[in-house]
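**Q** Take a look at this one; I'll ask things after.
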Amino acid sequence: MTALLKAEGLVRRYAMRRGLLGRSVEVRAVAGVSLTVERGRTLGLVGESGCGKSTTGRLVLGLEAPDAGTVAFQGQPMSAPGTVAWRSLRARMQMVFQDPLGALDRRLPIGVQVREPFDIHGIGTAADRPARAIEALRAVGLRPDQAARYPHELSGGQRQRAVLARALATEPELLVCDEPISALDVSIQAQVMNLLVDQQERLGLGILFISHDLRAVRQVSHRVAVMYLGTIVEEGEPDAVLHEPAHPYAQALVSAIPHPGRRGGRIVLQGDPPNPADRPGGCAFHPRCPIATALCAQEAPLLKPRAVDGRLVACHVAHGDALPGAGEVRRAA
Amino acid sequence: MIRFLGSRLLRAAITIVMVVTFAFVVLRLSGDPAQIIMGADAPPEAVEAFRAAWGLDQPVWVQYFNYFGAILQGDLGRSMRDGRDAIVLVAERIPATLALTLPALAIKIGLGIPAGITAALHRNSFIDRAVMMLAVAGFTIPSFVLGLLLVLVFAVQLGWLPSGGQDSWRHAILPIITLGVGGAAVLARFTRSAMLEVLGQPYIRTASAKGVPWRSVVWGHALPNAAIPTVTIVGFMVGSLIAGAVVVESVFSWPGVGRLLVVAVGNRDLAVVQCILLLVAMTMVTSNLIVDLLYGVLDPRLRNQPRRAAGTA
Amino acid sequence: MSDIPMQDVTVVQAPPRAPRLRVPPMVLFGLGWLALMLLTAVLADVVSPYAYTALDLRNRLSPPVFMGGTWLHPLGTDELGRDVLARLIYSIRMSLLIAFGATIIGALIGTTLGFLAAHFRGFVEQVVLALVDFSASLPFLILALAVLAFFGNSLTLFICLLGLHAWERYARIARGLAVSAGSQGYASAVRQLGATPWRIYGRHVLPNIASTLIVSMTLAFPEIILLESGLSFLGLGVQPPATSLGSMVGYGREYLTRAPWILLAPALTIVLTTFSVSLIGDWLRDQLDPTLR
């Protein structure tokens, strides 16, 4: 059986121009990402802001076309954005946004907006669409009378439920959640996450869950991928990756979670925060890596199974190809 | 700064090219130039000869480049009516127009800017309301109505000033006032809103809160910042010095460029119209360029930074 | 345009809007005057005492009632004995027709080009922006005169020509707001639902920016009346036998000393109408859209 979603070697470049007549600098927001989402499963994608996780989300949904690489949905290649085939495919893959207030049209009541997917994809008759919209709202725990409310009249959690109701209205197979809870109060985050898990069970959704919140990712994911500067550096079972990270960047991320019982200090990364416009050669992480070696500055490590337990990791040291160095490797002469 | 200048010059050049192209396209769309210039009853051989002489039998893009080349050499065609060079005809009229528009510009600036500043500094006071009411009135009364009213009162009823013509300086008074008042109203409205916007900024409140005298807050901080948007509109007024008096010149029978334009349009004297169009475009583009450079002086932020910072993902 | 989003809504409470408005007296006056003008224009055939071309050769240049004339011609007659009131009524109809037509054309062209620029970006956007630069850098009156010189005059052409006035403002507004709506937020959310561009722009973006566009239209309307009357005054706009407010002033000018009423009635109408619409526009802008300058 083919995977629900399979992306291979995705690359997305942007041209950033400095000034009107300045030379344009190429920014590789996504630099070769491969991932797979299975039916009824959740892949968590973590990394700091600017690492390309949101762009990856947009690429796998086909909202923008990759400069290299392929996306296959149920074995079929993605059609070009804006085409008729692409539009009808939207009924089967949906997105949940970080900012629910921004994702909703503030001039339309949410009932009308939840009904829109039915209008767009011609589902049901015009007469029974309002009832379907009410049903979709009920499924995410909103009351039917709230259909007449405008977005600004709802709380943040209710708005995100409305966005979710709209996304799930066509009963899609794939859902990409881009930081779906980071704009919400902590008390409401858990409710929305539980809702997501419930809906996944109900509809057999495959979910790509993008977040910088490791604990949220761990709560909902069946697999976790860690991203740094446009590439995936480690991927595996959430408990394994988040308890015992193999890649030094993942280790630093995990050590940053406040944890009362943990011994040992946090790993504080050295050097400048990553800048996609000025990508270091070799391993992209080496200028900040505490254990970088000379090899790391020259050769980019591949994402491949580790010999010990088969976990996917992209690090020379973790694979035993190099002995841990002392970091601070300057570009070797 | 050089890059800033370069991009501005490029934009100016593009605008000029577009105006020339516009004139060319419109000229070609409006009919066969040979027929128009030679007249409908010209013998066919003469029309053919004209076509050959002016290269009208060549492909359109060749014609376009020839046209462009001729304009670059200052050849703007001859007036249909008396066969003189259009550019000479227009140049003769420029001093008369400037005799109206320059003093009027002085009135606009001298009256409009102080009125706008005063209104903004006394927001919602009686002065503010009065100035704004006058400004709206000045802006909504068309210049031909104002001009004719002035004629009716000062020339017809009182007999103090002549109603039209260009014989002495007294003839210029009414047209200058007519031109100046409307522009002053526009400038006053604009200056007021620019000032109000600046006065609402946090740095003005900070300056006055930390005890800087109000006088130096206004002169040192508010005015220089409010000057930036005001310069744009003054630049537009400077740019229209040459042809900004079309209506007023007609009302007062003043023999300037505007009057020439109206007559030429009426006679479909295309060479003259096209010549004025290009002249106005040049003036406008030049003054826009100067405004942009002044921006650089007034607002150091615009000097080195790119105006449009290109965004990333 | 503004009621598109309201069609199938069971309204509980209106979307965000200023609390109950107090309309200043000057704006009330403006609204009243504008209503009177609209009524006059619509009912011109009913309320006009005479046909606007009807001659009364025995009563040429007869003064209005308040200057010693008779009630036969309340606002007097012109040099051919045509009733000034009747001509005024038909002129109002003509000038308003032109102004409304041109305003709507300008808004349509500008908004469409703005949306096209925002939708396609790249080359299309650069072309639109260059056109915006171009038309913002030339005084419109000169451009209009040039076109009239080249193409001659007809009412349709005249309305379309005036419609080009201020199109670049709508284009700028529509492009700017559509780009910001499309890069993040509701427009991109609806796009990924699978909506066609028609639905995105017609049902979502347009209603959201409608208030800004309407304010711009209100501000452009008096400018178009002024342009129309100016061109007609110069004899290059509306051509006889048709009449507009500007052409009435233009023809009345020759009788300035002997029969100033021919010119004063339409002149006063122009001033009051532009004044009213400007007041309404300023007020609307302050109420709806403080971000416009």
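Here, A, B, ... name the chains of the structure tokens in the order displayed, residue numbers run from 1 inside each chain, and ligands are numbered from 1 in the same displayed order.
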Could you name the residues that touch B:Ile94 at 12 Å or less, counting only C-alpha atoms, but leaving out those on the same chain fewer than 2 positions away, as a list in words?
**A**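 My list of contacting residues is Ile87, Val88, Leu89, Val90, Ala91, Glu92, Ala96, Thr97, Leu98, Ala99, Leu100, Thr101, Leu102, Leu241, Ile242, Ala243, Gly244, Ala245, Trp254, Pro255, Gly256, Val257, Gly258, Arg259, Leu260, Leu261, Ile276, Leu279 and Val280 of chain B.
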**Q** Residues as selected, N, CA and C atoms, written as a PDB file, in the first residue's frame, can you do that?
**A**
ATOM      1  N   ILE B  87       7.775  73.381 -31.755  1.00  0.00           N
ATOM      2  CA  ILE B  87       8.507  73.678 -30.524  1.00  0.00           C
ATOM      3  C   ILE B  87       8.744  75.181 -30.373  1.00  0.00           C
ATOM      4  N   VAL B  88       8.951  75.863 -31.507  1.00  0.00           N
ATOM      5  CA  VAL B  88       9.135  77.320 -31.454  1.00  0.00           C
ATOM      6  C   VAL B  88       7.836  77.989 -31.014  1.00  0.00           C
ATOM      7  N   LEU B  89       6.759  77.517 -31.606  1.00  0.00           N
ATOM      8  CA  LEU B  89       5.444  78.052 -31.295  1.00  0.00           C
ATOM      9  C   LEU B  89       5.153  77.953 -29.795  1.00  0.00           C
ATOM     10  N   VAL B  90       5.491  76.785 -29.246  1.00  0.00           N
ATOM     11  CA  VAL B  90       5.229  76.573 -27.825  1.00  0.00           C
ATOM     12  C   VAL B  90       6.178  77.417 -26.983  1.00  0.00           C
ATOM     13  N   ALA B  91       7.449  77.439 -27.372  1.00  0.00           N
ATOM     14  CA  ALA B  91       8.446  78.166 -26.576  1.00  0.00           C
ATOM     15  C   ALA B  91       8.099  79.640 -26.471  1.00  0.00           C
ATOM     16  N   GLU B  92       7.531  80.198 -27.523  1.00  0.00           N
ATOM     17  CA  GLU B  92       7.145  81.613 -27.501  1.00  0.00           C
ATOM     18  C   GLU B  92       6.133  81.932 -26.413  1.00  0.00           C
ATOM     19  N   ALA B  96       4.780  83.968 -21.119  1.00  0.00           N
ATOM     20  CA  ALA B  96       3.487  84.497 -20.709  1.00  0.00           C
ATOM     21  C   ALA B  96       2.865  83.615 -19.634  1.00  0.00           C
ATOM     22  N   THR B  97       2.981  82.290 -19.822  1.00  0.00           N
ATOM     23  CA  THR B  97       2.409  81.388 -18.823  1.00  0.00           C
ATOM     24  C   THR B  97       3.141  81.506 -17.496  1.00  0.00           C
ATOM     25  N   LEU B  98       4.475  81.564 -17.572  1.00  0.00           N
ATOM     26  CA  LEU B  98       5.243  81.675 -16.328  1.00  0.00           C
ATOM     27  C   LEU B  98       4.911  82.954 -15.592  1.00  0.00           C
ATOM     28  N   ALA B  99       4.584  84.014 -16.344  1.00  0.00           N
ATOM     29  CA  ALA B  99       4.231  85.282 -15.703  1.00  0.00           C
ATOM     30  C   ALA B  99       3.002  85.121 -14.822  1.00  0.00           C
ATOM     31  N   LEU B 100       2.164  84.129 -15.118  1.00  0.00           N
ATOM     32  CA  LEU B 100       1.013  83.851 -14.250  1.00  0.00           C
ATOM     33  C   LEU B 100       1.347  82.807 -13.197  1.00  0.00           C
ATOM     34  N   THR B 101       1.987  81.711 -13.633  1.00  0.00           N
ATOM     35  CA  THR B 101       2.102  80.573 -12.731  1.00  0.00           C
ATOM     36  C   THR B 101       3.138  80.791 -11.626  1.00  0.00           C
ATOM     37  N   LEU B 102       4.208  81.535 -11.912  1.00  0.00           N
ATOM     38  CA  LEU B 102       5.211  81.735 -10.860  1.00  0.00           C
ATOM     39  C   LEU B 102       4.670  82.571  -9.702  1.00  0.00           C
ATOM     40  N   LEU B 241       3.901  74.096 -13.742  1.00  0.00           N
ATOM     41  CA  LEU B 241       4.045  75.528 -14.000  1.00  0.00           C
ATOM     42  C   LEU B 241       3.746  75.855 -15.463  1.00  0.00           C
ATOM     43  N   ILE B 242       4.165  74.969 -16.372  1.00  0.00           N
ATOM     44  CA  ILE B 242       4.084  75.289 -17.787  1.00  0.00           C
ATOM     45  C   ILE B 242       2.679  75.153 -18.332  1.00  0.00           C
ATOM     46  N   ALA B 243       1.957  74.169 -17.824  1.00  0.00           N
ATOM     47  CA  ALA B 243       0.635  73.958 -18.406  1.00  0.00           C
ATOM     48  C   ALA B 243      -0.441  73.876 -17.334  1.00  0.00           C
ATOM     49  N   GLY B 244      -0.206  74.527 -16.204  1.00  0.00           N
ATOM     50  CA  GLY B 244      -1.177  74.439 -15.117  1.00  0.00           C
ATOM     51  C   GLY B 244      -2.242  75.514 -15.193  1.00  0.00           C
ATOM     52  N   ALA B 245      -2.217  76.303 -16.252  1.00  0.00           N
ATOM     53  CA  ALA B 245      -3.134  77.437 -16.309  1.00  0.00           C
ATOM     54  C   ALA B 245      -4.046  77.338 -17.519  1.00  0.00           C
ATOM     55  N   TRP B 254      -5.626  84.904 -21.975  1.00  0.00           N
ATOM     56  CA  TRP B 254      -4.196  85.149 -21.749  1.00  0.00           C
ATOM     57  C   TRP B 254      -3.404  84.298 -22.740  1.00  0.00           C
ATOM     58  N   PRO B 255      -2.555  84.890 -23.556  1.00  0.00           N
ATOM     59  CA  PRO B 255      -1.913  84.127 -24.639  1.00  0.00           C
ATOM     60  C   PRO B 255      -0.744  83.276 -24.151  1.00  0.00           C
ATOM     61  N   GLY B 256      -1.033  82.253 -23.329  1.00  0.00           N
ATOM     62  CA  GLY B 256       0.025  81.382 -22.821  1.00  0.00           C
ATOM     63  C   GLY B 256      -0.047  80.007 -23.451  1.00  0.00           C
ATOM     64  N   VAL B 257       0.720  79.071 -22.867  1.00  0.00           N
ATOM     65  CA  VAL B 257       0.775  77.711 -23.405  1.00  0.00           C
ATOM     66  C   VAL B 257      -0.592  77.040 -23.323  1.00  0.00           C
ATOM     67  N   GLY B 258      -1.299  77.278 -22.229  1.00  0.00           N
ATOM     68  CA  GLY B 258      -2.594  76.636 -22.035  1.00  0.00           C
ATOM     69  C   GLY B 258      -3.594  77.042 -23.101  1.00  0.00           C
ATOM     70  N   ARG B 259      -3.626  78.340 -23.399  1.00  0.00           N
ATOM     71  CA  ARG B 259      -4.531  78.839 -24.437  1.00  0.00           C
ATOM     72  C   ARG B 259      -4.165  78.184 -25.774  1.00  0.00           C
ATOM     73  N   LEU B 260      -2.844  78.128 -26.034  1.00  0.00           N
ATOM     74  CA  LEU B 260      -2.366  77.503 -27.266  1.00  0.00           C
ATOM     75  C   LEU B 260      -2.847  76.052 -27.350  1.00  0.00           C
ATOM     76  N   LEU B 261      -2.769  75.367 -26.195  1.00  0.00           N
ATOM     77  CA  LEU B 261      -3.167  73.961 -26.166  1.00  0.00           C
ATOM     78  C   LEU B 261      -4.651  73.818 -26.500  1.00  0.00           C
ATOM     79  N   ILE B 276       3.387  69.934 -26.616  1.00  0.00           N
ATOM     80  CA  ILE B 276       3.066  70.383 -25.255  1.00  0.00           C
ATOM     81  C   ILE B 276       3.020  69.191 -24.304  1.00  0.00           C
ATOM     82  N   LEU B 279       6.495  68.245 -23.446  1.00  0.00           N
ATOM     83  CA  LEU B 279       7.101  69.285 -22.620  1.00  0.00           C
ATOM     84  C   LEU B 279       6.608  69.177 -21.180  1.00  0.00           C
ATOM     85  N   VAL B 280       5.294  68.997 -21.030  1.00  0.00           N
ATOM     86  CA  VAL B 280       4.730  68.867 -19.692  1.00  0.00           C
ATOM     87  C   VAL B 280       5.293  67.633 -19.006  1.00  0.00           C
TER      88      VAL B 280
END
**Q** Can you tell me which residues surround stretch 78-89 of chain A at a distance of at most 10 Å, considering only C-alpha atoms, apart from same-chain residues fewer than 4 positions away, and format the answer as number ranges by chain?
**A** A: 59-65, 70-74, 93-94, 120-121, 172; C: 191-197
**Q** To test your reading of the structure, identify every residue in stretch 54-245 of chain A that backbone DSSP assigns to helix (DSSP H, G or I), and report it as a VMD selection string.
**A** chain A and resid 54 to 60 84 to 92 100 to 103 110 to 121 129 to 139 144 to 148 151 to 153 156 to 168 186 to 203 214 to 220 238 to 243
**Q** With a cut-off of 9 Å and counting only C-alpha atoms, select all residues of chain C in contact with chain B and give the selection as a PyMOL selection string.
**A** chain C and resi 130-131+133-134+137-139+141-143+145-152+222-223+226-227+229-231+233-236+249-250+253+256-257+260+263-264+267-268+270-275+278-279+293
**Q** Let's have the selection written as a PDB file, in the first residue's frame, with C-alpha atoms.
**A**
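This went into part.pdb:
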ATOM      1  CA  ALA C 130       4.785  51.353 -14.349  1.00  0.00           C
ATOM      2  CA  LEU C 131       1.364  52.442 -15.634  1.00  0.00           C
ATOM      3  CA  ASP C 133       3.763  55.771 -12.140  1.00  0.00           C
ATOM      4  CA  PHE C 134       3.023  57.042 -15.612  1.00  0.00           C
ATOM      5  CA  SER C 137       3.226  61.758 -13.170  1.00  0.00           C
ATOM      6  CA  LEU C 138       1.137  63.611 -15.741  1.00  0.00           C
ATOM      7  CA  PRO C 139      -1.544  66.203 -15.013  1.00  0.00           C
ATOM      8  CA  LEU C 141      -6.200  67.540 -17.756  1.00  0.00           C
ATOM      9  CA  ILE C 142      -3.306  67.644 -20.231  1.00  0.00           C
ATOM     10  CA  LEU C 143      -3.602  63.947 -20.951  1.00  0.00           C
ATOM     11  CA  LEU C 145      -6.872  67.240 -23.800  1.00  0.00           C
ATOM     12  CA  ALA C 146      -4.328  65.299 -25.841  1.00  0.00           C
ATOM     13  CA  VAL C 147      -6.670  62.337 -26.230  1.00  0.00           C
ATOM     14  CA  LEU C 148      -9.545  64.629 -27.209  1.00  0.00           C
ATOM     15  CA  ALA C 149      -7.309  66.286 -29.796  1.00  0.00           C
ATOM     16  CA  PHE C 150      -6.365  62.968 -31.328  1.00  0.00           C
ATOM     17  CA  PHE C 151      -9.704  61.193 -31.229  1.00  0.00           C
ATOM     18  CA  GLY C 152     -12.262  63.934 -31.468  1.00  0.00           C
ATOM     19  CA  PRO C 222     -16.049  65.874  -7.136  1.00  0.00           C
ATOM     20  CA  GLU C 223     -12.737  65.901  -8.991  1.00  0.00           C
ATOM     21  CA  LEU C 226     -14.662  69.589 -11.857  1.00  0.00           C
ATOM     22  CA  LEU C 227     -12.785  67.999 -14.758  1.00  0.00           C
ATOM     23  CA  SER C 229     -17.161  71.009 -16.221  1.00  0.00           C
ATOM     24  CA  GLY C 230     -13.702  72.427 -16.924  1.00  0.00           C
ATOM     25  CA  LEU C 231     -13.400  70.572 -20.237  1.00  0.00           C
ATOM     26  CA  PHE C 233     -16.325  75.024 -20.258  1.00  0.00           C
ATOM     27  CA  LEU C 234     -13.410  75.023 -22.701  1.00  0.00           C
ATOM     28  CA  GLY C 235     -15.798  73.723 -25.343  1.00  0.00           C
ATOM     29  CA  LEU C 236     -13.965  70.387 -25.509  1.00  0.00           C
ATOM     30  CA  VAL C 249     -21.042  78.277 -17.805  1.00  0.00           C
ATOM     31  CA  GLY C 250     -18.899  78.305 -20.929  1.00  0.00           C
ATOM     32  CA  ARG C 253     -19.668  83.545 -20.247  1.00  0.00           C
ATOM     33  CA  LEU C 256     -21.437  87.823 -18.453  1.00  0.00           C
ATOM     34  CA  THR C 257     -22.158  91.538 -18.447  1.00  0.00           C
ATOM     35  CA  PRO C 260     -24.987  86.944 -15.606  1.00  0.00           C
ATOM     36  CA  LEU C 263     -23.810  81.488 -15.851  1.00  0.00           C
ATOM     37  CA  LEU C 264     -24.463  81.931 -12.155  1.00  0.00           C
ATOM     38  CA  ALA C 267     -21.805  77.751 -11.463  1.00  0.00           C
ATOM     39  CA  LEU C 268     -23.564  77.719  -8.094  1.00  0.00           C
ATOM     40  CA  ILE C 270     -21.297  72.932  -9.533  1.00  0.00           C
ATOM     41  CA  VAL C 271     -19.867  74.525  -6.408  1.00  0.00           C
ATOM     42  CA  LEU C 272     -22.598  73.235  -4.104  1.00  0.00           C
ATOM     43  CA  THR C 273     -22.443  69.727  -5.536  1.00  0.00           C
ATOM     44  CA  THR C 274     -18.671  69.331  -5.347  1.00  0.00           C
ATOM     45  CA  PHE C 275     -18.700  70.956  -1.930  1.00  0.00           C
ATOM     46  CA  SER C 278     -16.271  66.559  -0.653  1.00  0.00           C
ATOM     47  CA  LEU C 279     -17.761  67.046   2.802  1.00  0.00           C
ATOM     48  CA  ARG C 293      -4.654  60.259   3.960  1.00  0.00           C
TER      49      ARG C 293
END
**Q** One number please: atom CA of A:Pro180 to atom CA of A:Asp198, in Å, one decimal.
**A**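 About the pair atom CA of A:Pro180 and atom CA of A:Asp198: they are 15.4 Å apart.
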**Q** Record the distance separating atom CA of B:Gly182 and atom CA of B:Pro114, expressed in Å with one decimal.
**A** 15.1 Å
**Q** I need the residue nearest A:Arg39 from this list: A:Gln158, A:Gln113, A:Ser255, A:Gln200. Use only C-alpha atoms for the distance.
**A**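 Counting only C-alpha atoms, the residue closest to A:Arg39 is A:Gln200.
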**Q** At a cut-off of 10 Å, using only C-alpha atoms, what residues contact C:Ala117? Leave out same-chain residues fewer than 4 positions from it and give the result as an mmCIF file with C-alpha atoms, in the first residue's frame.
**A**
data_model
loop_
_atom_site.group_PDB
_atom_site.id
_atom_site.type_symbol
_atom_site.label_atom_id
_atom_site.label_comp_id
_atom_site.auth_asym_id
_atom_site.auth_seq_id
_atom_site.Cartn_x
_atom_site.Cartn_y
_atom_site.Cartn_z
ATOM 1 C CA THR C 111 -9.521 47.572 -8.897
ATOM 2 C CA THR C 112 -9.254 44.980 -11.650
ATOM 3 C CA LEU C 113 -5.690 45.964 -12.531
ATOM 4 C CA ARG C 121 2.823 39.328 -9.354
ATOM 5 C CA GLY C 122 6.024 39.326 -11.406
ATOM 6 C CA PHE C 123 5.812 40.863 -14.843
ATOM 7 C CA VAL C 124 2.118 41.787 -14.714
ATOM 8 C CA GLU C 125 2.670 43.607 -11.456
ATOM 9 C CA GLN C 126 5.634 45.541 -12.837
ATOM 10 C CA VAL C 127 3.603 46.619 -15.868
ATOM 11 C CA VAL C 128 0.728 47.801 -13.700
ATOM 12 C CA LEU C 129 3.086 49.665 -11.389
ATOM 13 C CA ALA C 171 -5.161 50.157 -8.430
ATOM 14 C CA ARG C 172 -2.722 51.020 -5.674
ATOM 15 C CA ALA C 174 -6.562 47.168 -4.411
ATOM 16 C CA ARG C 175 -3.097 45.789 -5.079
ATOM 17 C CA GLY C 176 -1.738 46.694 -1.669
ATOM 18 C CA ALA C 178 -4.943 42.149 -1.898
ATOM 19 C CA VAL C 179 -1.233 41.416 -1.515
#
**Q** Env of A:Gly9: 9 Å cut, atoms = only C-alpha atoms, seq-sep filter 3 positions within chain, self excluded. Answer as number ranges by chain.
**A** A: 31-35, 68-71
**Q** Now that the selection is made, can you save its residues with N, CA and C atoms as a compact mmCIF listing (two decimals), in the first residue's frame?
**A**
# COMPACT_ATOMS: atom_id res chain seq x y z
N ALA A 31 16.14 22.78 1.81
CA ALA A 31 17.31 22.35 1.05
C ALA A 31 17.37 20.84 1.01
N GLY A 32 16.37 20.21 0.41
CA GLY A 32 16.43 18.76 0.27
C GLY A 32 15.76 18.04 1.42
N VAL A 33 14.42 18.06 1.45
CA VAL A 33 13.68 17.41 2.53
C VAL A 33 12.88 16.25 1.94
N SER A 34 12.99 15.09 2.58
CA SER A 34 12.15 13.95 2.21
C SER A 34 11.37 13.55 3.43
N LEU A 35 10.08 13.31 3.26
CA LEU A 35 9.30 12.83 4.40
C LEU A 35 8.10 12.04 3.92
N ALA A 68 12.93 21.78 -6.75
CA ALA A 68 13.41 20.44 -7.10
C ALA A 68 12.71 19.47 -6.17
N GLY A 69 12.66 18.19 -6.56
CA GLY A 69 12.01 17.20 -5.74
C GLY A 69 10.56 16.98 -6.13
N THR A 70 9.95 15.95 -5.55
CA THR A 70 8.58 15.60 -5.93
C THR A 70 7.73 15.40 -4.69
N VAL A 71 6.44 15.65 -4.87
CA VAL A 71 5.46 15.33 -3.83
C VAL A 71 4.47 14.38 -4.47
**Q** For C:Thr269, work out the shell of residues within 10 Å, counting only C-alpha atoms and skipping chain neighbours fewer than 6 positions away, then give it as a PyMOL selection string.
**A** chain C and resi 33+37+88+91-92+245+275
**Q** Save out the residues we just selected, C-alpha atoms, as a compact mmCIF listing (two decimals), in the first residue's frame.
**A**
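As written to disk, result_4.txt reads:
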# COMPACT_ATOMS: atom_id res chain seq x y z
CA TRP C 33 -28.22 68.59 -1.55
CA MET C 37 -29.50 66.63 -7.30
CA LEU C 88 -30.02 73.55 -15.63
CA SER C 91 -27.32 69.78 -17.32
CA ILE C 92 -27.46 68.30 -13.84
CA LEU C 245 -23.13 72.36 -16.11
CA PHE C 275 -18.70 70.96 -1.93
**Q** I'd like the interatomic distance between atom CA of C:Ser180 and atom CA of C:Phe120, to a tenth of an Å.
**A**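 We find that atom CA of C:Ser180 and atom CA of C:Phe120 lie 13.9 Å from each other.
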**Q** Could you write out as a list in words the residues of chain A within 6 Å of chain C, counting only C-alpha atoms?
**A**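 Therefore, the residues near the partner are Arg87, Arg90, Gly102, Ala103, Leu104, Asp105 and Ile120 of chain A.
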**Q** With N, CA and C atoms retained, could you export that selection as an mmCIF file, in the first residue's frame?
**A**
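After the write, out-v8.cif holds the following:
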data_model
loop_
_atom_site.group_PDB
_atom_site.id
_atom_site.type_symbol
_atom_site.label_atom_id
_atom_site.label_comp_id
_atom_site.auth_asym_id
_atom_site.auth_seq_id
_atom_site.Cartn_x
_atom_site.Cartn_y
_atom_site.Cartn_z
ATOM 1 N N ARG A 87 -7.152 22.315 -7.639
ATOM 2 C CA ARG A 87 -8.222 22.846 -6.804
ATOM 3 C C ARG A 87 -9.108 21.734 -6.267
ATOM 4 N N ARG A 90 -7.878 19.922 -3.281
ATOM 5 C CA ARG A 90 -7.931 20.612 -1.983
ATOM 6 C C ARG A 90 -8.943 19.984 -1.038
ATOM 7 N N GLY A 102 -6.637 35.533 11.636
ATOM 8 C CA GLY A 102 -6.215 35.937 10.305
ATOM 9 C C GLY A 102 -6.721 35.006 9.217
ATOM 10 N N ALA A 103 -6.934 33.737 9.571
ATOM 11 C CA ALA A 103 -7.333 32.762 8.557
ATOM 12 C C ALA A 103 -8.828 32.822 8.263
ATOM 13 N N LEU A 104 -9.563 33.562 9.094
ATOM 14 C CA LEU A 104 -11.002 33.679 8.873
ATOM 15 C C LEU A 104 -11.316 35.064 8.307
ATOM 16 N N ASP A 105 -12.320 35.115 7.469
ATOM 17 C CA ASP A 105 -12.757 36.383 6.892
ATOM 18 C C ASP A 105 -13.608 37.099 7.930
ATOM 19 N N ILE A 120 -17.609 25.268 -2.697
ATOM 20 C CA ILE A 120 -16.496 25.222 -3.635
ATOM 21 C C ILE A 120 -16.427 23.887 -4.352
#
**Q** Residues within 7 Å of stretch 30-32 of chain C, please, as a ChimeraX atom specification. Count only C-alpha atoms; anything in the same chain fewer than 4 positions from it doesn't count.
**A** /C:26,36,276-277,279-280
**Q** I'd like to know which residues of stretch 68-171 of chain A are strand (DSSP E) (by DSSP, run on the backbone); could you write them as a list of chain:residue names?
**A**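 After running DSSP on the backbone, stretch 68-171 of chain A has strand (DSSP E) at A:Ala68, A:Gly69, A:Thr70, A:Val71, A:Ala72, A:Phe73, A:Gln76, A:Pro77, A:Met93, A:Gln94, A:Met95, A:Val96.
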